[in-house]
Number of protein chains: 2
Amino acid sequence: MTTTGQEKNRIMVPEPTLQRIPVYLQLLKRRFDNEGIYVSSSEIAELLDLKPIQVRKDLEYTNADGRPKLGYNARDLIKSIEKFLGYDNISDAFLVGCGNMGRALLGYSGFDSTGIKIRAAFDTNLNIIGTQVNGHKVFDVSKFSDLAKRLNVRIAILTVPFDKAQETADMMCEAGIKAIWNFAPVHLKVPDDVIVQNENMAVSLSVLVKKLDDSMKG
Amino acid sequence: MTTTGQEKNRIMVPEPTLQRIPVYLQLLKRRFDNEGIYVSSSEIAELLDLKPIQVRKDLEYTNADGRPKLGYNARDLIKSIEKFLGYDNISDAFLVGCGNMGRALLGYSGFDSTGIKIRAAFDTNLNIIGTQVNGHKVFDVSKFSDLAKRLNVRIAILTVPFDKAQETADMMCEAGIKAIWNFAPVHLKVPDDVIVQNENMAVSLSVLVKKLDDSMKG
DNA sequence: ATTATATCGATAAATAAATATCAATAAAAA
DNA sequence: TTTTTATTGATATTTATTTATCGATATAAT
């Protein structure tokens, strides 16, 4: 019998909740990260256009501890969420594919707070191998496996063209990668113990265009 | 009484379905776009790790017409989905913020198929105003409103730093923009008739890290 | 011509997620 | 001190989404 990856006696967090929790964290760090500040579910809800009940229910999963009449101590809440998200275990990541999207991610500073550090970048293009891209050294893809194993890297960012995506993913999995952040517009086939998070830009844009289309017609 | 934007007597499409439909289209165009080819819900499901029933139910919303024993005519199915997604009405978009992410999107070729065309880019940086970035002319942001109104542009891509995001969104809404694709890690406050699609990279990465963390511990 | 088979599509059931209700509680106000 | 108020958090309800069942049907095999 195969499980879907979740253990039985572990608290199951709904996917929508899981996606909202980092948003709460971003907000809290930006606007409430001061000594002794309290923040209520209704304040958070107001700022994010959600309902207070939903915020409260989501925060329960992080073991946040609120106080009647006051709300949550913001500092404590931030700590609860960070613990929940596993930010204590800072992880290294490798990026493969230094095209437009790869370069953008290498230059993005917003990941520091997520406990992730892009350690190295890889490509097949001889013209950029050996150079630095946004402060990251670029290696030949053939070195990926060795380095990943040596440094025990578990997270990979996949930003290669779509027709190279599956073979790159295969290579990553063989190198011991357990989580792939996939920007190629392709559904990757990976072993059961590998997690894939898709970032399919064309799909997002399609959804937006469809909603606009509906709202114009409706 | 305010509605949430959906009309009463229009068929309501579940959000998860809406997000899967463009994925089907990508797959079909890439692998089944040939004369007379039939494709079944089970084939599609197999390729995307979904269940046939779900695929069939999703496709029903597009008015796809399947045939027992054979499945769907691929060409017809593609047409159904494209019609559903509103690809007939090709739209222009403006992009504001030519940093790393903005440049990546300006260089991304995968949007052509979604019926969207980035017509111009905008920035505040005098060094790049007037230049070309990935084949797109960069204008001063102060020109956005005029041009948007003149060309009747309804879609905007927001790739400015987070602390400029809300004011940029405000400017866009005043210029008549009705759909914002937001890459800033901020929840935007916009009028009810404006659609926002968030692409919050740090959030996605957090979710991935959390899932990895769980799968290691579990 | 008949039978077996693979599929769709309608309806029903099960599961997951969002929302509502309300008792308990701690702070603030009277 | 007592009352009012805003809030959490437990439980219950409602709504949304996924999954199952099964009759109808068109093709292919016998």
# chains A, B, ... in the order shown; residues from 1 in each chain; ligands from 1

call {"tool": "interface_residues", "arguments": {"of": "chain A", "to": "chain C", "cutoff": "10 Å", "atoms": "only C-alpha atoms (C1' of nucleotides)", "output": "compact mmCIF listing (two decimals) with C-alpha atoms, in the first residue's frame"}}
result
# COMPACT_ATOMS: atom_id res chain seq x y z
CA PRO A 14 -5.00 21.69 4.14
CA GLU A 15 -3.15 22.87 1.06
CA PRO A 16 -4.94 26.25 0.92
CA THR A 17 -3.98 26.87 4.54
CA LYS A 51 -12.24 36.48 7.06
CA ILE A 53 -12.32 32.93 11.24
CA GLN A 54 -10.18 31.67 8.43
CA LYS A 57 -8.18 28.52 11.90
CA ARG A 67 -5.18 35.80 24.12
CA PRO A 68 -8.82 36.83 24.36
CA LYS A 69 -9.44 40.53 23.79
CA LEU A 70 -5.81 41.14 22.68

call {"tool": "residues_around", "arguments": {"residues": "Ser204 in chain A", "least_positions_apart": "2", "cutoff": "9 Å", "atoms": "only C-alpha atoms (C1' of nucleotides)", "output": "number ranges by chain"}}
result
A: 199-202, 206-209; B: 19, 22, 181, 197-199

call {"tool": "closest_residue", "arguments": {"among": "A:Asn100, A:Ser42, A:Thr114, A:Ser109", "to": "Leu25 in chain A", "atoms": "only C-alpha atoms"}}
result
A:Thr114

call {"tool": "select_by_dssp", "arguments": {"residues": "range 17-187 of chain B", "states": "helix (DSSP H, G or I)", "output": "PyMOL selection string"}}
result
chain B and resi 17-31+41-48+52-60+74-85+100-106+112-114+141-151+162-174

call {"tool": "select_by_dssp", "arguments": {"residues": "range 8-216 of chain B", "states": "strand (DSSP E)", "output": "ChimeraX atom specification"}}
result
/B:38-39,66-67,71-73,91-96,116-123,132-133,136-140,155-158,179-182,195-198

call {"tool": "interface_residues", "arguments": {"of": "chain D", "to": "chain A", "cutoff": "10 Å", "atoms": "only C-alpha atoms (C1' of nucleotides)", "output": "PDB file with C-alpha atoms (C1' of nucleotides), in the first residue's frame"}}
result
ATOM      1  C1'  DT D   5     -16.277  44.429  25.109  1.00  0.00           C
ATOM      2  C1'  DA D   6     -13.216  42.126  21.881  1.00  0.00           C
ATOM      3  C1'  DT D   7     -11.192  38.276  21.239  1.00  0.00           C
ATOM      4  C1'  DT D   8      -9.701  33.171  21.057  1.00  0.00           C
ATOM      5  C1'  DG D   9     -10.641  28.413  20.248  1.00  0.00           C
TER       6       DG D   9
END

call {"tool": "closest_residue", "arguments": {"among": "B:Met216, B:Met101, B:Leu158, B:Leu151", "to": "chain A", "atoms": "only C-alpha atoms"}}
result
B:Met101

call {"tool": "interface_residues", "arguments": {"of": "chain B", "to": "chain A", "cutoff": "8 Å", "atoms": "only C-alpha atoms", "output": "NGL selection string"}}
result
:B and (5-7 or 18-19 or 22-23 or 26-27 or 47-48 or 84-86 or 100-101 or 103-105 or 107-108 or 110-111 or 114 or 178-179 or 181 or 185-187 or 193 or 195-197 or 202-213 or 215 or 218)

call {"tool": "residues_around", "arguments": {"residues": "range 163-175 of chain B", "least_positions_apart": "2", "cutoff": "7 Å", "atoms": "only C-alpha atoms (C1' of nucleotides)", "output": "list in words"}}
result
Ser145, Ala148, Lys149, Val160, Pro161, Ile177, Lys178, Ala184 and Leu188 of chain B

call {"tool": "write_last_selection", "arguments": {"atoms": "N, CA and C atoms", "output": "compact mmCIF listing (two decimals), in the first residue's frame"}}
result
# COMPACT_ATOMS: atom_id res chain seq x y z
N SER B 145 -0.20 56.01 -17.90
CA SER B 145 -1.64 56.29 -17.92
C SER B 145 -2.10 56.72 -19.31
N ALA B 148 -1.87 53.80 -21.76
CA ALA B 148 -2.84 52.74 -21.46
C ALA B 148 -4.22 53.15 -21.94
N LYS B 149 -4.56 54.42 -21.68
CA LYS B 149 -5.88 54.90 -22.11
C LYS B 149 -5.97 54.96 -23.62
N VAL B 160 7.58 45.62 -9.73
CA VAL B 160 8.37 46.64 -9.03
C VAL B 160 8.70 46.13 -7.62
N PRO B 161 9.66 46.80 -6.93
CA PRO B 161 9.97 46.38 -5.55
C PRO B 161 8.74 46.50 -4.65
N ILE B 177 -6.69 50.05 -15.84
CA ILE B 177 -6.29 48.64 -15.85
C ILE B 177 -7.32 47.80 -15.08
N LYS B 178 -7.67 46.64 -15.62
CA LYS B 178 -8.69 45.79 -14.99
C LYS B 178 -8.15 44.45 -14.52
N ALA B 184 4.94 41.35 -6.89
CA ALA B 184 5.47 41.91 -5.64
C ALA B 184 4.89 41.12 -4.48
N LEU B 188 -2.27 43.48 -2.62
CA LEU B 188 -2.68 44.77 -3.17
C LEU B 188 -4.13 45.07 -2.84

call {"tool": "residues_around", "arguments": {"residues": "Ala93 in chain B", "least_positions_apart": "2", "cutoff": "6 Å", "atoms": "only C-alpha atoms (C1' of nucleotides)", "output": "PDB file with C-alpha atoms, in the first residue's frame"}}
result
ATOM      1  CA  LYS B 117       1.275  40.423 -25.997  1.00  0.00           C
ATOM      2  CA  ILE B 118       3.439  42.673 -23.852  1.00  0.00           C
ATOM      3  CA  ARG B 119       3.317  45.922 -25.776  1.00  0.00           C
ATOM      4  CA  ILE B 155      -3.817  44.071 -18.394  1.00  0.00           C
ATOM      5  CA  ALA B 156      -0.735  45.112 -16.427  1.00  0.00           C
TER       6      ALA B 156
END

call {"tool": "atom_distance", "arguments": {"atom1": "CA of Asn34 in chain B", "atom2": "CA of Leu77 in chain B"}}
result
11.6 Å
